[in-house]
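For reference, entry16.cif is printed below; it contains mmCIF, N, CA and C atoms.
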```cif
data_structure
loop_
_atom_site.label_atom_id
_atom_site.label_comp_id
_atom_site.auth_asym_id
_atom_site.auth_seq_id
_atom_site.Cartn_x
_atom_site.Cartn_y
_atom_site.Cartn_z
N MET A 796 -12.97 -87.92 -122.74
CA MET A 796 -11.63 -88.41 -123.00
C MET A 796 -11.76 -89.86 -123.45
N ASN A 797 -11.14 -90.17 -124.58
CA ASN A 797 -11.20 -91.56 -125.06
C ASN A 797 -10.07 -92.38 -124.44
N ARG A 798 -10.10 -93.67 -124.69
CA ARG A 798 -9.12 -94.59 -124.09
C ARG A 798 -7.69 -94.25 -124.49
N TYR A 799 -7.48 -93.86 -125.75
CA TYR A 799 -6.15 -93.51 -126.23
C TYR A 799 -5.59 -92.31 -125.47
N GLU A 800 -6.41 -91.27 -125.30
CA GLU A 800 -5.97 -90.08 -124.56
C GLU A 800 -5.68 -90.42 -123.10
N PHE A 801 -6.53 -91.25 -122.52
CA PHE A 801 -6.35 -91.66 -121.12
C PHE A 801 -5.02 -92.39 -120.93
N GLU A 802 -4.72 -93.33 -121.81
CA GLU A 802 -3.46 -94.08 -121.73
C GLU A 802 -2.25 -93.17 -121.96
N ALA A 803 -2.38 -92.19 -122.84
CA ALA A 803 -1.30 -91.23 -123.10
C ALA A 803 -1.03 -90.38 -121.86
N ILE A 804 -2.08 -89.96 -121.18
CA ILE A 804 -1.91 -89.17 -119.95
C ILE A 804 -1.24 -90.00 -118.87
N LYS A 805 -1.66 -91.25 -118.72
CA LYS A 805 -1.03 -92.13 -117.73
C LYS A 805 0.45 -92.32 -118.03
N ALA A 806 0.78 -92.53 -119.28
CA ALA A 806 2.18 -92.74 -119.67
C ALA A 806 3.01 -91.48 -119.42
N GLU A 807 2.45 -90.32 -119.73
CA GLU A 807 3.16 -89.06 -119.49
C GLU A 807 3.39 -88.85 -117.99
N LEU A 808 2.38 -89.12 -117.19
CA LEU A 808 2.51 -88.99 -115.75
C LEU A 808 3.58 -89.93 -115.20
N ALA A 809 3.57 -91.17 -115.66
CA ALA A 809 4.57 -92.15 -115.22
C ALA A 809 5.98 -91.69 -115.59
N ARG A 810 6.16 -91.18 -116.82
CA ARG A 810 7.47 -90.69 -117.24
C ARG A 810 7.93 -89.54 -116.36
N ASN A 811 7.03 -88.61 -116.09
CA ASN A 811 7.38 -87.46 -115.26
C ASN A 811 7.79 -87.90 -113.86
N ILE A 812 7.09 -88.85 -113.29
CA ILE A 812 7.42 -89.35 -111.96
C ILE A 812 8.77 -90.06 -111.98
N LEU A 813 8.97 -90.92 -112.96
CA LEU A 813 10.23 -91.67 -113.05
C LEU A 813 11.44 -90.78 -113.29
N ASN A 814 11.23 -89.65 -113.93
CA ASN A 814 12.34 -88.73 -114.22
C ASN A 814 12.57 -87.70 -113.13
N SER A 815 11.73 -87.70 -112.11
CA SER A 815 11.86 -86.70 -111.04
C SER A 815 12.88 -87.14 -110.00
N ASP A 816 13.67 -86.17 -109.53
CA ASP A 816 14.62 -86.41 -108.44
C ASP A 816 14.17 -85.70 -107.16
N ASP A 817 12.96 -85.14 -107.18
CA ASP A 817 12.44 -84.39 -106.05
C ASP A 817 11.74 -85.34 -105.07
N GLU A 818 12.45 -85.68 -104.00
CA GLU A 818 11.93 -86.65 -103.03
C GLU A 818 10.63 -86.16 -102.38
N ALA A 819 10.57 -84.88 -102.07
CA ALA A 819 9.37 -84.32 -101.43
C ALA A 819 8.17 -84.42 -102.37
N LEU A 820 8.39 -84.17 -103.64
CA LEU A 820 7.31 -84.26 -104.62
C LEU A 820 6.80 -85.69 -104.73
N ILE A 821 7.72 -86.64 -104.80
CA ILE A 821 7.33 -88.05 -104.92
C ILE A 821 6.54 -88.48 -103.69
N GLU A 822 7.00 -88.07 -102.51
CA GLU A 822 6.28 -88.41 -101.27
C GLU A 822 4.89 -87.78 -101.28
N HIS A 823 4.80 -86.55 -101.74
CA HIS A 823 3.50 -85.87 -101.82
C HIS A 823 2.57 -86.60 -102.79
N LEU A 824 3.08 -86.98 -103.94
CA LEU A 824 2.27 -87.71 -104.91
C LEU A 824 1.82 -89.06 -104.36
N ARG A 825 2.73 -89.73 -103.64
CA ARG A 825 2.39 -91.02 -103.02
C ARG A 825 1.25 -90.84 -102.03
N HIS A 826 1.34 -89.78 -101.21
CA HIS A 826 0.29 -89.50 -100.24
C HIS A 826 -1.04 -89.20 -100.94
N CYS A 827 -1.00 -88.36 -101.97
CA CYS A 827 -2.22 -88.01 -102.71
C CYS A 827 -2.86 -89.24 -103.35
N TYR A 828 -2.02 -90.10 -103.93
CA TYR A 828 -2.55 -91.31 -104.56
C TYR A 828 -3.19 -92.22 -103.53
N ALA A 829 -2.51 -92.43 -102.41
CA ALA A 829 -3.06 -93.29 -101.35
C ALA A 829 -4.36 -92.72 -100.81
N GLU A 830 -4.40 -91.41 -100.63
CA GLU A 830 -5.61 -90.76 -100.13
C GLU A 830 -6.77 -90.93 -101.12
N SER A 831 -6.49 -90.82 -102.40
CA SER A 831 -7.54 -90.97 -103.40
C SER A 831 -8.06 -92.40 -103.47
N GLN A 832 -7.24 -93.34 -103.00
CA GLN A 832 -7.63 -94.74 -102.99
C GLN A 832 -8.21 -95.16 -101.64
N GLY A 833 -8.36 -94.19 -100.73
CA GLY A 833 -8.89 -94.49 -99.41
C GLY A 833 -7.89 -95.18 -98.51
N GLN A 834 -6.60 -95.00 -98.76
CA GLN A 834 -5.55 -95.68 -98.00
C GLN A 834 -4.68 -94.71 -97.22
N SER A 835 -5.17 -93.50 -97.00
CA SER A 835 -4.30 -92.51 -96.36
C SER A 835 -4.07 -92.84 -94.90
N ALA A 836 -2.94 -92.38 -94.41
CA ALA A 836 -2.63 -92.55 -93.00
C ALA A 836 -3.62 -91.76 -92.18
N PRO A 837 -3.97 -92.24 -91.00
CA PRO A 837 -4.98 -91.54 -90.22
C PRO A 837 -4.53 -90.16 -89.73
N CYS A 838 -3.23 -89.96 -89.64
CA CYS A 838 -2.75 -88.70 -89.10
C CYS A 838 -1.36 -88.42 -89.66
N ARG A 839 -1.18 -87.21 -90.16
CA ARG A 839 0.13 -86.82 -90.68
C ARG A 839 0.45 -85.42 -90.22
N TYR A 840 1.66 -85.24 -89.73
CA TYR A 840 2.11 -83.93 -89.29
C TYR A 840 3.46 -83.62 -89.91
N THR A 841 3.68 -82.32 -90.18
CA THR A 841 5.00 -81.89 -90.62
C THR A 841 5.90 -81.87 -89.38
N LEU A 842 7.19 -81.76 -89.60
CA LEU A 842 8.13 -81.70 -88.49
C LEU A 842 7.83 -80.51 -87.59
N ASN A 843 7.52 -79.36 -88.18
CA ASN A 843 7.20 -78.18 -87.38
C ASN A 843 5.93 -78.39 -86.56
N GLU A 844 4.94 -79.07 -87.12
CA GLU A 844 3.71 -79.35 -86.38
C GLU A 844 3.99 -80.29 -85.21
N VAL A 845 4.83 -81.30 -85.43
CA VAL A 845 5.19 -82.22 -84.35
C VAL A 845 5.90 -81.47 -83.23
N LYS A 846 6.85 -80.62 -83.59
CA LYS A 846 7.59 -79.84 -82.58
C LYS A 846 6.63 -78.95 -81.79
N ALA A 847 5.67 -78.32 -82.45
CA ALA A 847 4.71 -77.46 -81.77
C ALA A 847 3.85 -78.28 -80.81
N ARG A 848 3.43 -79.46 -81.23
CA ARG A 848 2.62 -80.31 -80.36
C ARG A 848 3.43 -80.77 -79.15
N LEU A 849 4.70 -81.08 -79.36
CA LEU A 849 5.55 -81.50 -78.25
C LEU A 849 5.77 -80.35 -77.26
N ARG A 850 5.98 -79.13 -77.77
CA ARG A 850 6.14 -77.97 -76.88
C ARG A 850 4.88 -77.78 -76.03
N SER A 851 3.72 -77.91 -76.66
CA SER A 851 2.45 -77.76 -75.94
C SER A 851 2.30 -78.84 -74.88
N THR A 852 2.62 -80.07 -75.23
CA THR A 852 2.51 -81.18 -74.30
C THR A 852 3.48 -81.00 -73.13
N GLU A 853 4.69 -80.55 -73.44
CA GLU A 853 5.67 -80.32 -72.38
C GLU A 853 5.18 -79.25 -71.42
N ALA A 854 4.62 -78.18 -71.97
CA ALA A 854 4.10 -77.10 -71.12
C ALA A 854 2.99 -77.61 -70.23
N ASP A 855 2.11 -78.45 -70.77
CA ASP A 855 1.03 -79.03 -69.97
C ASP A 855 1.60 -79.90 -68.85
N ALA A 856 2.60 -80.70 -69.15
CA ALA A 856 3.19 -81.58 -68.14
C ALA A 856 3.84 -80.77 -67.03
N ILE A 857 4.58 -79.73 -67.39
CA ILE A 857 5.23 -78.89 -66.39
C ILE A 857 4.20 -78.19 -65.51
N ALA A 858 3.07 -77.78 -66.11
CA ALA A 858 2.02 -77.09 -65.36
C ALA A 858 1.14 -78.06 -64.58
N GLY A 859 1.37 -79.35 -64.74
CA GLY A 859 0.59 -80.33 -64.00
C GLY A 859 -0.76 -80.63 -64.62
N ARG A 860 -0.95 -80.22 -65.88
CA ARG A 860 -2.21 -80.52 -66.56
C ARG A 860 -2.10 -81.89 -67.20
N GLY A 861 -3.16 -82.65 -67.14
CA GLY A 861 -3.16 -83.97 -67.75
C GLY A 861 -3.97 -84.93 -66.91
N LEU A 862 -3.86 -86.20 -67.21
CA LEU A 862 -4.62 -87.23 -66.51
C LEU A 862 -3.67 -88.14 -65.75
N SER A 863 -4.14 -88.58 -64.61
CA SER A 863 -3.36 -89.56 -63.85
C SER A 863 -3.54 -90.93 -64.50
N GLU A 864 -2.69 -91.85 -64.13
CA GLU A 864 -2.80 -93.22 -64.67
C GLU A 864 -4.14 -93.83 -64.30
N ALA A 865 -4.60 -93.58 -63.09
CA ALA A 865 -5.89 -94.13 -62.65
C ALA A 865 -7.03 -93.55 -63.49
N GLU A 866 -6.98 -92.24 -63.78
CA GLU A 866 -8.01 -91.63 -64.61
C GLU A 866 -8.02 -92.22 -66.01
N VAL A 867 -6.84 -92.44 -66.57
CA VAL A 867 -6.74 -93.03 -67.90
C VAL A 867 -7.30 -94.45 -67.88
N ASP A 868 -6.96 -95.21 -66.84
CA ASP A 868 -7.48 -96.57 -66.73
C ASP A 868 -9.01 -96.57 -66.69
N ARG A 869 -9.60 -95.64 -65.92
CA ARG A 869 -11.07 -95.56 -65.84
C ARG A 869 -11.67 -95.22 -67.21
N LEU A 870 -11.05 -94.27 -67.89
CA LEU A 870 -11.54 -93.90 -69.21
C LEU A 870 -11.45 -95.05 -70.20
N MET A 871 -10.35 -95.78 -70.14
CA MET A 871 -10.19 -96.92 -71.05
C MET A 871 -11.22 -97.99 -70.76
N GLU A 872 -11.47 -98.25 -69.50
CA GLU A 872 -12.48 -99.24 -69.13
C GLU A 872 -13.87 -98.81 -69.62
N ALA A 873 -14.16 -97.52 -69.54
CA ALA A 873 -15.46 -97.02 -69.99
C ALA A 873 -15.60 -97.15 -71.50
N MET A 874 -14.50 -97.06 -72.23
CA MET A 874 -14.55 -97.18 -73.70
C MET A 874 -14.75 -98.62 -74.14
N ILE A 875 -14.30 -99.55 -73.34
CA ILE A 875 -14.38 -100.96 -73.73
C ILE A 875 -15.69 -101.55 -73.40
#
```
With the file now loaded, output its structure as structure tokens.
Amino acid sequence: MNRYEFEAIKAELARNILNSDDEALIEHLRHCYAESQGQSAPCRYTLNEVKARLRSTEADAIAGRGLSEAEVDRLMEAMI
């Protein structure tokens, strides 16, 4: 691909983005661009994934599974 073709593709992509009213698409493109530049967020979840994780966490809490504050403090001290 020569420089002229490269610039034409960039211009077409920019026009398509600027003319889009699809918020989800723009957010997806933003995420893809950031990821390709090594700037992606460390963790991303959809709303359904967040709800599923919260349900799981709630079930663990009700069942008494988890760590006490003292256990967490010991673990944090060991990490430091």
Atomic separation - atom N of Gln832 of chain A relative to atom N of Glu844 of chain A, Å: 24.6 Å
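Taking only C-alpha atoms into account, Arg825 of chain A lies nearest to A:Ile812 out of the set A:Ile812, A:Leu849, A:Glu800, A:Met874.
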Point-to-point distance from atom CA of Arg839 of chain A to atom N of His823 of chain A, Å rounded to tenths: 12.0 Å
Two-atom distance - atom C of Ile875 of chain A, atom CA of Cys838 of chain A (Å): 24.1 Å
